[in-house]
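Structure file model_17.txt; described as compact mmCIF, N, CA, C and O atoms.
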```txt
# COMPACT_ATOMS: atom_id res chain seq x y z
N MET T 24 103.30 57.39 67.46
CA MET T 24 101.92 57.81 67.31
C MET T 24 101.74 59.27 67.77
O MET T 24 101.04 60.02 67.11
N LEU T 25 102.39 59.62 68.85
CA LEU T 25 102.29 60.99 69.34
C LEU T 25 102.88 61.97 68.35
O LEU T 25 102.31 63.02 68.09
N SER T 26 104.03 61.65 67.75
CA SER T 26 104.65 62.56 66.80
C SER T 26 103.76 62.74 65.56
O SER T 26 103.72 63.81 64.97
N GLY T 27 103.04 61.71 65.13
CA GLY T 27 102.12 61.82 64.00
C GLY T 27 100.97 62.76 64.31
O GLY T 27 100.57 63.58 63.49
N ALA T 28 100.43 62.65 65.53
CA ALA T 28 99.33 63.53 65.94
C ALA T 28 99.81 64.97 66.06
O ALA T 28 99.11 65.90 65.66
N LEU T 29 101.02 65.14 66.57
CA LEU T 29 101.58 66.48 66.71
C LEU T 29 101.82 67.10 65.33
O LEU T 29 101.51 68.27 65.11
N GLY T 30 102.33 66.32 64.40
CA GLY T 30 102.54 66.80 63.04
C GLY T 30 101.25 67.21 62.37
O GLY T 30 101.16 68.23 61.70
N LEU T 31 100.20 66.41 62.56
CA LEU T 31 98.89 66.73 62.00
C LEU T 31 98.34 68.02 62.60
O LEU T 31 97.78 68.86 61.89
N ALA T 32 98.53 68.21 63.91
CA ALA T 32 98.07 69.42 64.58
C ALA T 32 98.80 70.64 64.02
O ALA T 32 98.20 71.69 63.77
N CYS T 33 100.11 70.53 63.77
CA CYS T 33 100.88 71.65 63.22
C CYS T 33 100.41 71.98 61.81
O CYS T 33 100.28 73.14 61.45
N LEU T 34 100.15 70.96 60.99
CA LEU T 34 99.66 71.20 59.65
C LEU T 34 98.30 71.88 59.66
O LEU T 34 98.01 72.75 58.85
N THR T 35 97.46 71.48 60.61
CA THR T 35 96.13 72.09 60.73
C THR T 35 96.27 73.56 61.08
O THR T 35 95.60 74.41 60.49
N VAL T 36 97.16 73.90 62.02
CA VAL T 36 97.36 75.29 62.41
C VAL T 36 97.90 76.09 61.23
O VAL T 36 97.45 77.20 60.96
N LEU T 37 98.85 75.55 60.49
CA LEU T 37 99.40 76.25 59.33
C LEU T 37 98.33 76.48 58.28
O LEU T 37 98.26 77.54 57.67
N ALA T 38 97.49 75.50 58.04
CA ALA T 38 96.44 75.63 57.04
C ALA T 38 95.43 76.69 57.44
O ALA T 38 94.99 77.48 56.62
N VAL T 39 95.08 76.75 58.72
CA VAL T 39 94.14 77.76 59.20
C VAL T 39 94.75 79.14 59.07
O VAL T 39 94.11 80.08 58.61
N GLY T 40 96.03 79.29 59.42
CA GLY T 40 96.69 80.58 59.31
C GLY T 40 96.79 81.06 57.88
O GLY T 40 96.71 82.24 57.60
N ALA T 41 96.95 80.15 56.94
CA ALA T 41 97.09 80.52 55.54
C ALA T 41 95.78 81.02 54.93
O ALA T 41 95.79 81.76 53.97
N THR T 42 94.66 80.64 55.51
CA THR T 42 93.36 81.05 54.96
C THR T 42 92.74 82.20 55.74
O THR T 42 91.63 82.59 55.45
N ALA T 43 93.47 82.73 56.73
CA ALA T 43 92.92 83.82 57.53
C ALA T 43 92.72 85.06 56.65
O ALA T 43 93.38 85.25 55.64
N ALA T 44 91.78 85.90 57.05
CA ALA T 44 91.48 87.11 56.29
C ALA T 44 92.67 88.06 56.31
O ALA T 44 93.44 88.08 57.27
N PRO T 45 92.87 88.86 55.27
CA PRO T 45 93.98 89.81 55.24
C PRO T 45 93.80 90.89 56.30
O PRO T 45 92.69 91.13 56.77
N ALA T 46 94.89 91.55 56.65
CA ALA T 46 94.85 92.60 57.67
C ALA T 46 93.93 93.73 57.22
O ALA T 46 93.86 94.07 56.04
N GLN T 47 93.24 94.31 58.17
CA GLN T 47 92.34 95.44 57.89
C GLN T 47 93.14 96.74 57.88
O GLN T 47 94.24 96.81 58.37
N ALA T 48 92.57 97.78 57.30
CA ALA T 48 93.19 99.09 57.30
C ALA T 48 93.30 99.59 58.74
O ALA T 48 92.52 99.22 59.60
N ALA T 49 94.29 100.45 58.97
CA ALA T 49 94.59 100.90 60.33
C ALA T 49 94.39 102.41 60.47
O ALA T 49 94.35 103.14 59.48
N ASN T 50 94.31 102.85 61.71
CA ASN T 50 94.24 104.28 62.02
C ASN T 50 95.63 104.89 61.95
O ASN T 50 96.64 104.22 62.12
N GLY T 51 95.67 106.19 61.70
CA GLY T 51 96.93 106.93 61.65
C GLY T 51 97.46 107.24 63.03
O GLY T 51 96.71 107.33 63.99
N HIS T 52 98.77 107.41 63.11
CA HIS T 52 99.45 107.74 64.37
C HIS T 52 100.24 109.03 64.19
O HIS T 52 100.97 109.18 63.20
N VAL T 53 100.10 109.95 65.14
CA VAL T 53 100.77 111.24 65.07
C VAL T 53 102.28 111.04 64.94
O VAL T 53 102.88 110.24 65.65
N GLY T 54 102.87 111.78 63.99
CA GLY T 54 104.31 111.72 63.76
C GLY T 54 104.75 110.62 62.81
O GLY T 54 105.93 110.49 62.52
N VAL T 55 103.80 109.84 62.30
CA VAL T 55 104.13 108.72 61.41
C VAL T 55 103.68 109.06 59.98
O VAL T 55 102.57 109.54 59.77
N ARG T 56 104.56 108.78 59.03
CA ARG T 56 104.20 108.93 57.62
C ARG T 56 103.55 107.62 57.19
O ARG T 56 104.22 106.63 56.96
N GLU T 57 102.23 107.64 57.12
CA GLU T 57 101.44 106.43 56.87
C GLU T 57 101.26 106.20 55.36
O GLU T 57 101.22 107.14 54.58
N THR T 58 101.12 104.93 54.98
CA THR T 58 100.84 104.56 53.60
C THR T 58 99.34 104.39 53.43
O THR T 58 98.68 103.73 54.24
N VAL T 59 98.79 104.98 52.38
CA VAL T 59 97.35 104.87 52.09
C VAL T 59 97.05 103.45 51.62
O VAL T 59 97.68 102.95 50.70
N CYS T 60 96.08 102.82 52.26
CA CYS T 60 95.69 101.45 51.94
C CYS T 60 94.44 101.42 51.05
O CYS T 60 94.19 100.45 50.37
N ALA T 61 93.68 102.51 51.05
CA ALA T 61 92.47 102.60 50.23
C ALA T 61 92.85 102.83 48.77
O ALA T 61 93.94 103.34 48.48
N GLN T 62 91.98 102.48 47.84
CA GLN T 62 92.24 102.75 46.43
C GLN T 62 92.34 104.25 46.17
O GLN T 62 93.15 104.70 45.37
N ASP T 63 91.49 105.02 46.85
CA ASP T 63 91.57 106.48 46.79
C ASP T 63 91.06 107.06 48.11
O ASP T 63 90.20 106.48 48.76
N LEU T 64 91.67 108.16 48.51
CA LEU T 64 91.35 108.79 49.79
C LEU T 64 91.30 110.30 49.57
O LEU T 64 92.29 110.91 49.16
N TYR T 65 90.13 110.90 49.80
CA TYR T 65 89.96 112.33 49.55
C TYR T 65 90.65 113.16 50.62
O TYR T 65 90.49 112.92 51.82
N VAL T 66 91.38 114.17 50.19
CA VAL T 66 91.99 115.15 51.09
C VAL T 66 91.08 116.36 51.09
O VAL T 66 90.64 116.83 50.03
N ARG T 67 90.76 116.85 52.30
CA ARG T 67 89.77 117.93 52.43
C ARG T 67 90.35 119.12 53.19
O ARG T 67 91.34 119.00 53.90
N THR T 68 89.69 120.27 53.05
CA THR T 68 90.13 121.50 53.72
C THR T 68 89.89 121.45 55.22
O THR T 68 90.62 122.08 55.99
N ASP T 69 88.86 120.77 55.65
CA ASP T 69 88.47 120.59 57.05
C ASP T 69 87.87 119.20 57.18
O ASP T 69 87.53 118.59 56.16
N PRO T 70 87.69 118.68 58.41
CA PRO T 70 87.00 117.39 58.53
C PRO T 70 85.62 117.45 57.86
O PRO T 70 84.79 118.28 58.22
N GLY T 71 85.42 116.67 56.83
CA GLY T 71 84.16 116.68 56.09
C GLY T 71 84.00 117.89 55.19
O GLY T 71 82.94 118.09 54.61
N GLY T 72 85.05 118.71 55.05
CA GLY T 72 84.97 119.95 54.27
C GLY T 72 85.14 119.72 52.78
O GLY T 72 85.00 118.60 52.26
N ALA T 73 85.48 120.79 52.08
CA ALA T 73 85.61 120.77 50.63
C ALA T 73 86.78 119.88 50.19
O ALA T 73 87.83 119.86 50.82
N TRP T 74 86.58 119.20 49.06
CA TRP T 74 87.59 118.33 48.48
C TRP T 74 88.70 119.18 47.89
O TRP T 74 88.44 120.17 47.22
N MET T 75 89.96 118.79 48.13
CA MET T 75 91.08 119.53 47.54
C MET T 75 92.06 118.64 46.80
O MET T 75 93.05 119.11 46.24
N GLY T 76 91.79 117.33 46.77
CA GLY T 76 92.64 116.40 46.05
C GLY T 76 92.40 114.98 46.50
O GLY T 76 91.63 114.73 47.42
N THR T 77 93.08 114.05 45.85
CA THR T 77 92.91 112.62 46.16
C THR T 77 94.26 111.95 46.29
O THR T 77 95.15 112.16 45.46
N LEU T 78 94.41 111.16 47.35
CA LEU T 78 95.58 110.29 47.52
C LEU T 78 95.20 108.91 47.01
O LEU T 78 94.07 108.46 47.19
N TYR T 79 96.16 108.24 46.38
CA TYR T 79 95.91 106.90 45.85
C TYR T 79 96.86 105.91 46.50
O TYR T 79 97.97 106.27 46.89
N LYS T 80 96.42 104.68 46.62
CA LYS T 80 97.24 103.60 47.15
C LYS T 80 98.46 103.46 46.26
O LYS T 80 98.30 103.44 45.03
N PRO T 81 99.67 103.43 46.70
CA PRO T 81 100.24 103.47 48.05
C PRO T 81 100.91 104.81 48.38
O PRO T 81 102.00 104.85 48.98
N GLN T 82 100.29 105.95 48.04
CA GLN T 82 100.87 107.24 48.40
C GLN T 82 100.87 107.40 49.91
O GLN T 82 100.29 106.58 50.62
N THR T 83 101.53 108.44 50.41
CA THR T 83 101.72 108.55 51.86
C THR T 83 101.15 109.86 52.42
O THR T 83 100.95 110.83 51.69
N PHE T 84 100.93 109.83 53.73
CA PHE T 84 100.34 110.95 54.46
C PHE T 84 101.02 111.04 55.82
O PHE T 84 101.01 110.08 56.59
N LEU T 85 101.63 112.19 56.12
CA LEU T 85 102.28 112.40 57.42
C LEU T 85 101.24 112.92 58.40
O LEU T 85 100.75 114.04 58.26
N VAL T 86 100.90 112.11 59.39
CA VAL T 86 99.87 112.47 60.37
C VAL T 86 100.45 113.44 61.40
O VAL T 86 101.45 113.15 62.04
N GLU T 87 99.79 114.61 61.54
CA GLU T 87 100.22 115.62 62.50
C GLU T 87 99.23 115.81 63.64
O GLU T 87 99.59 116.30 64.70
N GLN T 88 97.97 115.46 63.40
CA GLN T 88 96.92 115.64 64.41
C GLN T 88 95.80 114.65 64.15
O GLN T 88 95.47 114.37 62.99
N VAL T 89 95.21 114.13 65.24
CA VAL T 89 94.05 113.23 65.14
C VAL T 89 92.89 113.92 65.83
O VAL T 89 93.01 114.42 66.95
N GLN T 90 91.74 113.97 65.15
CA GLN T 90 90.55 114.60 65.72
C GLN T 90 89.34 113.76 65.35
O GLN T 90 88.87 113.80 64.21
N GLY T 91 88.85 112.99 66.31
CA GLY T 91 87.70 112.12 66.03
C GLY T 91 88.06 111.11 64.96
O GLY T 91 89.07 110.44 65.04
N GLY T 92 87.27 111.01 63.92
CA GLY T 92 87.53 110.07 62.83
C GLY T 92 88.32 110.68 61.69
O GLY T 92 88.32 110.15 60.58
N TRP T 93 89.02 111.79 61.95
CA TRP T 93 89.79 112.49 60.92
C TRP T 93 91.22 112.70 61.37
O TRP T 93 91.49 112.79 62.57
N VAL T 94 92.13 112.80 60.40
CA VAL T 94 93.53 113.13 60.71
C VAL T 94 93.97 114.29 59.82
O VAL T 94 93.56 114.40 58.66
N TYR T 95 94.80 115.17 60.40
CA TYR T 95 95.35 116.31 59.68
C TYR T 95 96.83 116.06 59.46
O TYR T 95 97.53 115.53 60.34
N GLY T 96 97.32 116.45 58.30
CA GLY T 96 98.74 116.31 58.05
C GLY T 96 99.09 116.68 56.63
O GLY T 96 98.32 117.35 55.93
N PHE T 97 100.29 116.22 56.20
CA PHE T 97 100.79 116.54 54.88
C PHE T 97 100.56 115.37 53.93
O PHE T 97 101.01 114.26 54.19
N ALA T 98 99.87 115.64 52.82
CA ALA T 98 99.57 114.63 51.82
C ALA T 98 100.65 114.66 50.74
O ALA T 98 100.78 115.64 50.01
N TYR T 99 101.45 113.60 50.68
CA TYR T 99 102.47 113.49 49.64
C TYR T 99 101.82 112.94 48.37
O TYR T 99 100.65 112.64 48.34
N GLY T 100 102.59 112.79 47.31
CA GLY T 100 102.03 112.26 46.06
C GLY T 100 101.64 113.38 45.14
O GLY T 100 102.38 114.35 44.97
N ASP T 101 100.45 113.30 44.56
CA ASP T 101 100.00 114.30 43.60
C ASP T 101 99.59 115.62 44.26
O ASP T 101 99.51 116.64 43.59
N ILE T 102 99.33 115.61 45.56
CA ILE T 102 98.78 116.78 46.23
C ILE T 102 99.88 117.68 46.81
O ILE T 102 99.92 118.86 46.56
N ASN T 103 100.74 117.11 47.64
CA ASN T 103 101.86 117.83 48.26
C ASN T 103 101.42 119.10 49.00
O ASN T 103 101.94 120.19 48.76
N ARG T 104 100.45 118.93 49.87
CA ARG T 104 99.99 120.04 50.72
C ARG T 104 99.30 119.48 51.96
O ARG T 104 98.98 118.31 52.03
N HIS T 105 99.05 120.35 52.92
CA HIS T 105 98.37 119.96 54.16
C HIS T 105 96.87 119.85 53.93
O HIS T 105 96.30 120.58 53.12
N GLY T 106 96.25 118.94 54.68
CA GLY T 106 94.80 118.78 54.62
C GLY T 106 94.33 117.70 55.58
O GLY T 106 95.12 117.16 56.37
N TRP T 107 93.06 117.41 55.52
CA TRP T 107 92.41 116.42 56.38
C TRP T 107 91.98 115.21 55.55
O TRP T 107 91.52 115.36 54.43
N VAL T 108 92.14 114.02 56.12
CA VAL T 108 91.64 112.79 55.50
C VAL T 108 90.89 111.99 56.56
O VAL T 108 91.14 112.13 57.76
N GLN T 109 89.99 111.16 56.11
CA GLN T 109 89.27 110.29 57.02
C GLN T 109 90.24 109.25 57.58
O GLN T 109 91.05 108.68 56.84
N ASP T 110 90.21 109.05 58.89
CA ASP T 110 91.12 108.10 59.54
C ASP T 110 90.66 106.67 59.26
O ASP T 110 89.52 106.42 58.92
N GLY T 111 91.59 105.74 59.39
CA GLY T 111 91.26 104.32 59.27
C GLY T 111 91.54 103.74 57.89
O GLY T 111 91.11 102.62 57.62
N TRP T 112 92.26 104.46 57.03
CA TRP T 112 92.52 103.98 55.68
C TRP T 112 94.01 103.81 55.38
O TRP T 112 94.44 103.94 54.24
N PHE T 113 94.79 103.52 56.44
CA PHE T 113 96.23 103.35 56.28
C PHE T 113 96.62 101.88 56.46
O PHE T 113 95.96 101.14 57.17
N CYS T 114 97.71 101.49 55.81
CA CYS T 114 98.19 100.11 55.91
C CYS T 114 99.04 99.92 57.17
O CYS T 114 99.64 100.82 57.63
```
Turn the structure described in the file into structure tokens.
Amino acid sequence: MLSGALGLACLTVLAVGATAAPAQAANGHVGVRETVCAQDLYVRTDPGGAWMGTLYKPQTFLVEQVQGGWVYGFAYGDINRHGWVQDGWFC
């Protein structure tokens, strides 16, 4: 009887884990080449500045500096230049 209850408890835990929400986007870390998790992410000249290109999921961004809600670094993919992106959109 105990093994049956234990088995049911394990199945319940597995079922709950399988329906959990997917992982949320993460913040960038200095020195890490992060993967863009957003469908599109604007690269700007300054935090909140002029648009200079767009990164698309799953292109990458090498984080060199974090400033508030923005990160500065090198945008790979179609852009291939330095710029600022809004933080919190990496996988």
So how far away is atom CA of Val59 of chain T from atom CA of Gly76 of chain T, in Å?
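Atom CA of Val59 of chain T lies at a distance of 13.8 Å from atom CA of Gly76 of chain T.
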Which residue is closest to His105 of chain T? Choose from T:Met75, T:Val53, T:Val89, T:Cys60 and count all atoms listed in the file.
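For His105 of chain T, the nearest of the given residues is T:Met75.
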Quick one: of T:Gln88, T:Pro70, T:Leu78, T:Val108, who's nearest to His52 of chain T, counting all atoms listed in the file?
T:Gln88
Can you pull out the residues contacting Ala73 of chain T? Cut-off 7 Å, using all atoms listed in the file, and skip same-chain residues under 6 positions away; I want them as a compact mmCIF listing (two decimals) with N, CA, C and O atoms, in the frame of the given file.
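Resulting contents of part_0.txt:
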```
# COMPACT_ATOMS: atom_id res chain seq x y z
N VAL T 66 91.38 114.17 50.19
CA VAL T 66 91.99 115.15 51.09
C VAL T 66 91.08 116.36 51.09
O VAL T 66 90.64 116.83 50.03
N ARG T 67 90.76 116.85 52.30
CA ARG T 67 89.77 117.93 52.43
C ARG T 67 90.35 119.12 53.19
O ARG T 67 91.34 119.00 53.90
N TRP T 107 93.06 117.41 55.52
CA TRP T 107 92.41 116.42 56.38
C TRP T 107 91.98 115.21 55.55
O TRP T 107 91.52 115.36 54.43
```
Show which residues sit within 6 Å of Trp112 of chain T, as a list in words. Count only N, CA, C and O atoms, and ignore same-chain residues fewer than 4 positions away.
Ala48, Ala49, Asn50, Thr58, Val59, Cys60 and Ala61 of chain T
Expected file for segment 75-96 of chain T keeping N, CA, C and O atoms, as an mmCIF file, in the first residue's frame:
```
data_model
loop_
_atom_site.group_PDB
_atom_site.id
_atom_site.type_symbol
_atom_site.label_atom_id
_atom_site.label_comp_id
_atom_site.auth_asym_id
_atom_site.auth_seq_id
_atom_site.Cartn_x
_atom_site.Cartn_y
_atom_site.Cartn_z
ATOM 1 N N MET T 75 19.689 51.338 -34.726
ATOM 2 C CA MET T 75 20.732 51.095 -35.728
ATOM 3 C C MET T 75 20.670 49.703 -36.327
ATOM 4 O O MET T 75 21.477 49.355 -37.186
ATOM 5 N N GLY T 76 19.707 48.891 -35.885
ATOM 6 C CA GLY T 76 19.549 47.555 -36.432
ATOM 7 C C GLY T 76 18.707 46.693 -35.519
ATOM 8 O O GLY T 76 18.320 47.112 -34.431
ATOM 9 N N THR T 77 18.439 45.476 -35.953
ATOM 10 C CA THR T 77 17.601 44.548 -35.185
ATOM 11 C C THR T 77 18.252 43.184 -35.115
ATOM 12 O O THR T 77 18.735 42.668 -36.126
ATOM 13 N N LEU T 78 18.276 42.617 -33.910
ATOM 14 C CA LEU T 78 18.689 41.230 -33.709
ATOM 15 C C LEU T 78 17.438 40.373 -33.678
ATOM 16 O O LEU T 78 16.411 40.791 -33.145
ATOM 17 N N TYR T 79 17.532 39.179 -34.234
ATOM 18 C CA TYR T 79 16.394 38.265 -34.255
ATOM 19 C C TYR T 79 16.744 36.983 -33.524
ATOM 20 O O TYR T 79 17.910 36.577 -33.495
ATOM 21 N N LYS T 80 15.752 36.360 -32.933
ATOM 22 C CA LYS T 80 15.922 35.077 -32.266
ATOM 23 C C LYS T 80 16.424 34.077 -33.288
ATOM 24 O O LYS T 80 15.855 34.015 -34.385
ATOM 25 N N PRO T 81 17.452 33.321 -33.102
ATOM 26 C CA PRO T 81 18.374 33.142 -31.979
ATOM 27 C C PRO T 81 19.758 33.754 -32.225
ATOM 28 O O PRO T 81 20.783 33.151 -31.899
ATOM 29 N N GLN T 82 19.839 34.974 -32.783
ATOM 30 C CA GLN T 82 21.136 35.614 -32.973
ATOM 31 C C GLN T 82 21.762 35.910 -31.615
ATOM 32 O O GLN T 82 21.110 35.758 -30.581
ATOM 33 N N THR T 83 23.023 36.322 -31.613
ATOM 34 C CA THR T 83 23.736 36.463 -30.337
ATOM 35 C C THR T 83 24.272 37.877 -30.122
ATOM 36 O O THR T 83 24.427 38.656 -31.066
ATOM 37 N N PHE T 84 24.555 38.156 -28.847
ATOM 38 C CA PHE T 84 25.028 39.472 -28.409
ATOM 39 C C PHE T 84 26.058 39.259 -27.309
ATOM 40 O O PHE T 84 25.763 38.630 -26.286
ATOM 41 N N LEU T 85 27.278 39.757 -27.511
ATOM 42 C CA LEU T 85 28.333 39.650 -26.500
ATOM 43 C C LEU T 85 28.217 40.832 -25.551
ATOM 44 O O LEU T 85 28.454 41.982 -25.940
ATOM 45 N N VAL T 86 27.845 40.571 -24.309
ATOM 46 C CA VAL T 86 27.638 41.623 -23.310
ATOM 47 C C VAL T 86 28.989 42.097 -22.778
ATOM 48 O O VAL T 86 29.786 41.308 -22.288
ATOM 49 N N GLU T 87 29.227 43.421 -22.883
ATOM 50 C CA GLU T 87 30.470 44.013 -22.397
ATOM 51 C C GLU T 87 30.250 44.942 -21.207
ATOM 52 O O GLU T 87 31.172 45.202 -20.447
ATOM 53 N N GLN T 88 29.036 45.456 -21.075
ATOM 54 C CA GLN T 88 28.724 46.399 -19.986
ATOM 55 C C GLN T 88 27.237 46.350 -19.696
ATOM 56 O O GLN T 88 26.428 46.214 -20.615
ATOM 57 N N VAL T 89 26.883 46.466 -18.402
ATOM 58 C CA VAL T 89 25.481 46.531 -17.986
ATOM 59 C C VAL T 89 25.260 47.886 -17.335
ATOM 60 O O VAL T 89 26.036 48.312 -16.478
ATOM 61 N N GLN T 90 24.209 48.580 -17.751
ATOM 62 C CA GLN T 90 23.894 49.900 -17.195
ATOM 63 C C GLN T 90 22.388 50.006 -17.033
ATOM 64 O O GLN T 90 21.664 50.208 -18.014
ATOM 65 N N GLY T 91 21.915 49.858 -15.801
ATOM 66 C CA GLY T 91 20.476 49.914 -15.561
ATOM 67 C C GLY T 91 19.778 48.795 -16.303
ATOM 68 O O GLY T 91 20.169 47.646 -16.219
ATOM 69 N N GLY T 92 18.776 49.105 -17.085
ATOM 70 C CA GLY T 92 18.038 48.107 -17.847
ATOM 71 C C GLY T 92 18.571 47.911 -19.255
ATOM 72 O O GLY T 92 17.868 47.387 -20.121
ATOM 73 N N TRP T 93 19.820 48.327 -19.504
ATOM 74 C CA TRP T 93 20.420 48.231 -20.829
ATOM 75 C C TRP T 93 21.757 47.513 -20.755
ATOM 76 O O TRP T 93 22.431 47.549 -19.727
ATOM 77 N N VAL T 94 22.149 46.886 -21.874
ATOM 78 C CA VAL T 94 23.474 46.264 -21.963
ATOM 79 C C VAL T 94 24.156 46.742 -23.242
ATOM 80 O O VAL T 94 23.511 46.954 -24.271
ATOM 81 N N TYR T 95 25.481 46.943 -23.143
ATOM 82 C CA TYR T 95 26.288 47.352 -24.280
ATOM 83 C C TYR T 95 27.159 46.181 -24.694
ATOM 84 O O TYR T 95 27.671 45.436 -23.849
ATOM 85 N N GLY T 96 27.334 46.021 -25.996
ATOM 86 C CA GLY T 96 28.208 44.963 -26.462
ATOM 87 C C GLY T 96 28.182 44.844 -27.965
ATOM 88 O O GLY T 96 27.756 45.765 -28.676
#
```
